[in-house]
Amino acid sequence: MTHLAATASTIHLPHVNYVSILPILIMMGGALLLLLLSSLLRRIISTGVCTAITVMTSAAAAVAAIVQWDQVLANGAQTTIAGAVAYDGFSVLIQLLVPLALGLTALVADGYLKREGVVGGEFQVLAMASASGAMVMGAANDLIVVFLGLEILSIALYVLAAFNHRRAESGEAALKYFVLGSVSSAIFLYGIALMYGATGSTNLAKMAEFLARRAVLSNGLLLAAMALLLVGFAFKVSAVPFHMWSPDVYQGSPSPVSGFMASVAKAGAFAALLRVFVSSLATQRLGWQPVIWVLAALSLLVGAIVALNQQDVKRMLAYSSINHAGFILLGVDAADARGISSALYYLVTYTIMVIGTFAVVTVIAGRQDRATGLLEFRGLARRQPVLALALAILLLGQAGAPFTTGFLAKFNVIEAVVLTHGYTLAVIAMVSAAVAAFFYLRVALTMFSPVGEFGDGPDDDVPLDPAALVGAATPGAASGVTTVPPRAWSAAMPGIDELADAPPSEVVEARGKVPVPPATWVVIGFCALFTVVFGIYPAPLVDFAQHATLLFI
Amino acid sequence: MDAYLPILILLILGLLFAALSFVASTFLAPKKKPTAAKIAPYECGIVPEVEPPSRFPVRFYLVAMIFIIFDIEVVFLYPWAVIFRQLGSFGLVEVVVFAAVVFVAFLFLISNGAFSWGPVVRLTPGVPARTSSSTIARISGRPGGPVTAAGVPVSTGTPGQAA
Amino acid sequence: MTALATVLLWATATHPTLVDAGTFSVSAALVIAGAIGVIVARNPVHSALMLIMTLFGVAVLFLLLQDPFLAVVQVIVYAGAIVVMFLFVIMFLGVDREENLGAEKLRGQRPTSVILAAASLAGLLILGFVGHWTLGAPHVAGPDTGAPNVNLLGQSLFTTYLFPFEATAALLIIAVVGAVALARRPGGEQKVVDAAPGPLAPELDPASRFVVTPPAPGGNEDAEPSGPGNQNGGDGS
């Protein structure tokens with residue numbers, strides 16, 4: 001007992017500023033509440049109720065983040081809970097962005113889950129948990145917290161990717177994502193271990209302090225640690241050459257989940273990447289900047305060029321997200337306040353645009369996400385002009401057309417790189433933007449091209465997707481009659497949506513209008529309006545990103 | 001390292017015992033090769049007709065999950081218990097929060113049938129109220145047979161019929 | 001035995017570093033041999049058993065680092081619970097299938113992977129040897145006051161790593177939800193509830209009907225469902 005008494009005085013209980021983690025607590029609390037409800041209620045909880053809980057939780061978390069913003073503006077940046085959590089403008093921005101993305105995703109997923117007949121609250125529970133992981137990553141000030149956030153985010157995403165049981169590709173996507181993701185997590189963890197060996201701490205502030213106080217002469221260990229950490233991050237943000245998983249996973253996952261993956265997972269990973277490298281390892285810039293340079297250049301080029309040849313819109317969007325990752329990496333490469341704020345601005349705009357885009361893809365893909373070929377979008381402008389217009393706006397925004405948020409986003413990151421004399425990278429980025437504009441415009445033109453004149457395009461010699469070939473081979477398709485191809489499970493599901501099941505190709509006009517649930521309309525409308533309004537009047541958003549950066553630890 | 005010396009000795013003893021057992025069995029065991037009848041699985045003297053199922057039901061997986069979850073919880077509880085007095089109410093609150101969150105996972109597993117090993121009752125939408133087999137079962141009034149929640153003896157037909 | 005004990009006691013008393021080095025060498029060899037065994041074993045069950053060997057070796061390494069608590073945790077959680085979980089999963093998938101390690105989906109994949117792995121390992125080792133290790137200078141748990149290891153661990157857990165500790169609970173719950181969501185059969189409309197007849201029996205819900213499925217003989221969960229009502233398979237008895 002004597003030594004217990006002696007050590008009793010040495011425990012300094014950490015001060016917990018609950019406001020600093022309030023959005024995370026709300027998000028996790030929402031997930032727990034929904035899980036508890038679905039466990040205790042005898043009846044299966046309806047999808048609408050789950051969506052409502054998710055959206056309300058997201059709204060509450062966003063409100064909490066706004067409260068945080070006021071506090072941070074008043075008190076300045078600080079760390080809390082024994083330095084494990086950063087409470088600054090940067091973290092608040094992520095705490096605001098992620099719930100927004102989650103709320104939008106939940107609204108899209110509502111229609112999707114009802115269409116696919118997926119019941120139970122697990123989808124929303126996992127989505128909320130995943131979002132809380134991304135928020136933890138945004139606020140993490142310790143590599144261990146970063147890792148936990150990464151795992152909370154990823155493990156939930158692995159399961160969400162597999163959520164469509166009736167679709168084999170969904171399971172394949174999940175397995176691929178899981179195996180590769182686990183390896184990358186292991187590499188990341190090894191990087192943390194080496195970083196602890198090199199700096200004697202996993203706390204980002206202490207690491208920075210250690211590195212600032214002394215010149216590391218033999219920095220081999222530090223370099224190894226940074227390399228391994230970068231591999232882990234590059235995998236999560238799907239930067240080339242660690243992008244191999246993303247096309248298959250985006251294509252196979254349920255469309256709302258693909259949107260969630262492209263937005264929330266990227267936001268969380270980039271937030272942690274910026275904080276770890278640009279903030280904590282700023283003194284080691286010469287060590288990691290060339291690697292970021294290569295990652296950015298490769299992502300920009302490979303993402304844009306490979307996307308040109310994609311016949312599946314979800315695959316194309318996956319490569320486009322690789323391309324966007326390259327653009328955000330420009331901001332990381334610039335590695336100054338302007339670089340961070342431009343990367344944050346890009347993240348915000350890209351998150352909104354990509355969720356909106358995947359919302360449109362969700363409704364067009366129809367049952368089981370099968371109709372995602374480029375040809376499915378043919379004639380959409382005539383059938384559903386408003387939907388086509390919204391998609392066109394979102395795609396133009398992603399392409400970086402003027403008067404959309406995407407333009408200023410691309411302009412900002414390129415400007416940040418130019419100001420740090422990264423001229424080569426800036427040129428690569430501009431070339432990539434030009435190439436990328438081509439495939440975005442191709443989808444847009446496909447929507448507006450009347451049926452039958454499609455063969456004039458530059459891409460008519462590229463192979464059709466297998467679904468289209470099957471459709472063309474069906475006799476009914478050739479004669480212009482909508483037929484349901486014989487499928488093993490069609491008998492098992494009498495309520496199958498015949499319109500969505502029509503084979504793509506010549507009969508595409510016979511598909512008619514795709515049903516768009518009201519909640520999805522809200523999302524599409526919000527995202528398109530956001531893209532245009534903040535494209536014309538970007539000042540508030542730019543100010544927000546700059547303020548968030550100024551209040552950066 | 002002195003403290004682990006007994007463990008090391010025990011380890012060596014264990015290895016020696018295993019090695020000696022193998023050696024002894026080679027000397028002492030009958031040399032004859034076992035007949036086919038001898039290596040056949042024993043099913044109360046009846047010749048087995050079907051292969052035993054080589055796969056486990058997925059319910060085992062849920063039980064294993066419960067085990068791991070609470071295993072890890074206990075791992076965290078142990079250091080807390082050691083310094084419980086120093087941490088005071090702060091530690092108690094933190095641990096209760098942790099345990100409560102984990103307990104929700106436990107509830108979820110139970111509600112998903114982790115512990116339902118008997119005949120299972122399911123919520124199956126659109127099942128006919130009466131089937132011929134259920135009627136036969138009710139008339140025969142088989143005692144001790146499975147009953148529904150309402151106490152009505154029901155079908156013991158194949159699951160396909162029940163659906 | 002007493003002779004052996006005497007020799008060992010003498011060795012630890014006179015050459016402590018030698019004994020440490022010996023213990024380390026043996027357990028490190030166990031770890032590596034086990035790890036290689038995991039990937040080369042044809043039978044997945046053997047792989048899982050090899051994994052136990054690796055994890056046990058790591059537990060010995062923890063002992064060598066004078067952390068008996070982590071060593072015990074390593075054995076209980078990893079060698080115990082997690083490998084048992086692996087074995088269950090292997091059992092679901094069928095144990096009688098041996099992996100064909102000879103088949104290569106991608107030509108030249110194996111030599112390439114060996115070369116790349118060796119290059120990565122060599123790079124890490126070189127960087128590690130030329131690097132400057134600062135381990136130990138700034139203790140996370142503070143200076144060594146002679147307090148038992150578990151105390152220090154607890155102190156770290158509830159001070160420095162309080163937030164990660166609570167976040168672990170979230171991770172655990174996600175693991176559970178994810179596992180259940182994945183293990184469920186397609187079209188998981190059914191919700192299985194306890195069916196013990198008697199006072200514990202649930203109330204009959206008027207909106208849906210309860211059906212008692214008798215235990216199918218030799219039923220297993222992986223049997224193809226014979227109808228929509230049987231999608232959870234037998235009861236596993």
# chains A, B, ... in the order shown; residues from 1 in each chain; ligands from 1
>>> select_by_dssp(residues="range 15-194 of chain C", states="helix (DSSP H, G or I)", output="PyMOL selection string")
chain C and resi 16-40+44-64+68-93+109-130+149-158+162-183
>>> interface_residues(of="chain B", to="chain A", cutoff="6 Å", atoms="only C-alpha atoms", output="NGL selection string")
:B and (86 or 108 or 111)
>>> interface_residues(of="chain A", to="chain C", cutoff="6 Å", atoms="only C-alpha atoms", output="PyMOL selection string")
chain A and resi 13-14+82+145+152+159+165+197-200+218-221
>>> write_last_selection(atoms="N, CA and C atoms", output="compact mmCIF listing (two decimals), in the first residue's frame")
# COMPACT_ATOMS: atom_id res chain seq x y z
N LEU A 13 -5.43 13.38 -13.82
CA LEU A 13 -6.55 13.03 -14.67
C LEU A 13 -6.66 14.08 -15.77
N PRO A 14 -6.84 13.62 -17.01
CA PRO A 14 -6.87 14.58 -18.11
C PRO A 14 -8.12 15.44 -18.06
N ALA A 82 -5.76 15.18 -22.74
CA ALA A 82 -4.35 14.81 -22.67
C ALA A 82 -3.65 14.95 -24.01
N VAL A 145 -4.82 7.79 -32.21
CA VAL A 145 -6.19 8.21 -32.46
C VAL A 145 -6.47 8.22 -33.96
N ILE A 152 -12.18 2.67 -37.49
CA ILE A 152 -13.63 2.82 -37.32
C ILE A 152 -14.26 3.17 -38.66
N VAL A 159 -18.05 -3.25 -44.56
CA VAL A 159 -19.35 -3.92 -44.46
C VAL A 159 -20.38 -3.22 -45.33
N HIS A 165 -26.73 -7.89 -50.65
CA HIS A 165 -26.48 -9.32 -50.62
C HIS A 165 -26.79 -9.99 -51.94
N GLY A 197 9.47 5.05 -32.59
CA GLY A 197 10.89 4.78 -32.41
C GLY A 197 11.75 5.97 -32.77
N ALA A 198 11.31 6.74 -33.76
CA ALA A 198 12.14 7.84 -34.24
C ALA A 198 11.98 9.09 -33.39
N THR A 199 10.80 9.33 -32.88
CA THR A 199 10.57 10.59 -32.17
C THR A 199 10.24 10.39 -30.70
N GLY A 200 9.98 9.17 -30.29
CA GLY A 200 9.71 8.92 -28.89
C GLY A 200 8.30 9.27 -28.46
N SER A 218 20.82 11.28 -38.49
CA SER A 218 20.58 10.02 -39.19
C SER A 218 19.10 9.73 -39.12
N ASN A 219 18.41 10.19 -40.15
CA ASN A 219 16.94 10.16 -40.09
C ASN A 219 16.36 8.97 -40.84
N GLY A 220 17.12 7.89 -40.95
CA GLY A 220 16.63 6.74 -41.69
C GLY A 220 15.32 6.21 -41.15
N LEU A 221 15.25 6.12 -39.83
CA LEU A 221 14.03 5.59 -39.21
C LEU A 221 12.84 6.49 -39.49
>>> residues_around(residues="Ser184 in chain A", least_positions_apart="2", cutoff="12 Å", atoms="only C-alpha atoms", output="PyMOL selection string")
chain A and resi 147+150-151+154+177-182+186-191+228-238+242-243+245
>>> residues_around(residues="Val72 in chain C", least_positions_apart="3", cutoff="9 Å", atoms="only C-alpha atoms", output="ChimeraX atom specification")
/C:59,62-63,67-69,75-77
>>> write_last_selection(atoms="N, CA and C atoms", output="mmCIF file, in the first residue's frame")
data_model
loop_
_atom_site.group_PDB
_atom_site.id
_atom_site.type_symbol
_atom_site.label_atom_id
_atom_site.label_comp_id
_atom_site.auth_asym_id
_atom_site.auth_seq_id
_atom_site.Cartn_x
_atom_site.Cartn_y
_atom_site.Cartn_z
ATOM 1 N N ALA C 59 4.222 -13.487 -27.189
ATOM 2 C CA ALA C 59 3.959 -13.384 -25.755
ATOM 3 C C ALA C 59 5.252 -13.546 -24.957
ATOM 4 N N PHE C 62 7.086 -10.389 -25.027
ATOM 5 C CA PHE C 62 6.541 -9.426 -24.058
ATOM 6 C C PHE C 62 7.093 -9.701 -22.663
ATOM 7 N N LEU C 63 7.191 -10.985 -22.327
ATOM 8 C CA LEU C 63 7.762 -11.337 -21.025
ATOM 9 C C LEU C 63 9.193 -10.835 -20.927
ATOM 10 N N ASP C 67 6.894 -7.310 -19.363
ATOM 11 C CA ASP C 67 5.497 -6.926 -19.263
ATOM 12 C C ASP C 67 4.637 -8.181 -19.202
ATOM 13 N N PRO C 68 4.512 -8.769 -18.024
ATOM 14 C CA PRO C 68 3.739 -10.013 -17.932
ATOM 15 C C PRO C 68 2.281 -9.818 -18.307
ATOM 16 N N PHE C 69 1.737 -8.624 -18.039
ATOM 17 C CA PHE C 69 0.313 -8.417 -18.326
ATOM 18 C C PHE C 69 0.040 -8.541 -19.825
ATOM 19 N N VAL C 75 -1.708 -14.082 -24.929
ATOM 20 C CA VAL C 75 -2.097 -15.494 -24.988
ATOM 21 C C VAL C 75 -3.617 -15.629 -24.918
ATOM 22 N N ILE C 76 -4.240 -14.878 -24.000
ATOM 23 C CA ILE C 76 -5.690 -15.060 -23.807
ATOM 24 C C ILE C 76 -6.456 -14.539 -25.015
ATOM 25 N N VAL C 77 -6.153 -13.307 -25.427
ATOM 26 C CA VAL C 77 -6.963 -12.694 -26.477
ATOM 27 C C VAL C 77 -6.577 -13.229 -27.848
#
>>> closest_residue(among="B:Leu92, B:Lys38, B:Pro57, B:Ile136", to="chain C", atoms="only C-alpha atoms")
B:Pro57
>>> atom_distance(atom1="CA of Leu100 in chain A", atom2="CA of Gly259 in chain A")
12.9 Å
>>> atom_distance(atom1="CA of Ile39 in chain B", atom2="CA of His46 in chain C")
22.6 Å
>>> atom_distance(atom1="CA of Val183 in chain A", atom2="CA of Gly83 in chain A")
28.5 Å
>>> closest_residue(among="B:Ala29, B:Ala81, B:Cys44, B:Ala105", to="chain C", atoms="only C-alpha atoms")
B:Ala105
>>> closest_residue(among="B:Pro6, B:Gly113, B:Pro30, B:Gly88", to="chain C", atoms="only C-alpha atoms")
B:Gly113
>>> residues_around(residues="Ala79 in chain C", least_positions_apart="4", cutoff="8 Å", atoms="only C-alpha atoms", output="PyMOL selection string")
chain C and resi 51-52+55-56+74-75+83-84
>>> write_last_selection(atoms="N, CA and C atoms", output="PDB file, in the first residue's frame")
ATOM      1  N   LEU C  51      -0.311 -19.894 -36.519  1.00  0.00           N
ATOM      2  CA  LEU C  51      -0.494 -18.535 -36.020  1.00  0.00           C
ATOM      3  C   LEU C  51      -0.416 -18.520 -34.494  1.00  0.00           C
ATOM      4  N   ILE C  52      -0.976 -19.557 -33.878  1.00  0.00           N
ATOM      5  CA  ILE C  52      -0.887 -19.631 -32.412  1.00  0.00           C
ATOM      6  C   ILE C  52       0.572 -19.651 -31.991  1.00  0.00           C
ATOM      7  N   LEU C  55       1.944 -16.182 -32.202  1.00  0.00           N
ATOM      8  CA  LEU C  55       1.440 -15.304 -31.150  1.00  0.00           C
ATOM      9  C   LEU C  55       2.026 -15.696 -29.797  1.00  0.00           C
ATOM     10  N   PHE C  56       2.252 -16.987 -29.626  1.00  0.00           N
ATOM     11  CA  PHE C  56       2.854 -17.425 -28.368  1.00  0.00           C
ATOM     12  C   PHE C  56       4.285 -16.907 -28.262  1.00  0.00           C
ATOM     13  N   GLN C  74      -1.817 -11.328 -24.545  1.00  0.00           N
ATOM     14  CA  GLN C  74      -1.487 -11.870 -25.860  1.00  0.00           C
ATOM     15  C   GLN C  74      -1.960 -13.317 -25.975  1.00  0.00           C
ATOM     16  N   VAL C  75      -1.708 -14.082 -24.929  1.00  0.00           N
ATOM     17  CA  VAL C  75      -2.097 -15.494 -24.988  1.00  0.00           C
ATOM     18  C   VAL C  75      -3.617 -15.629 -24.918  1.00  0.00           C
ATOM     19  N   VAL C  83      -7.751 -16.665 -32.494  1.00  0.00           N
ATOM     20  CA  VAL C  83      -7.479 -17.822 -33.349  1.00  0.00           C
ATOM     21  C   VAL C  83      -8.665 -18.787 -33.334  1.00  0.00           C
ATOM     22  N   VAL C  84      -9.347 -18.862 -32.197  1.00  0.00           N
ATOM     23  CA  VAL C  84     -10.561 -19.685 -32.160  1.00  0.00           C
ATOM     24  C   VAL C  84     -11.580 -19.154 -33.157  1.00  0.00           C
TER      25      VAL C  84
END
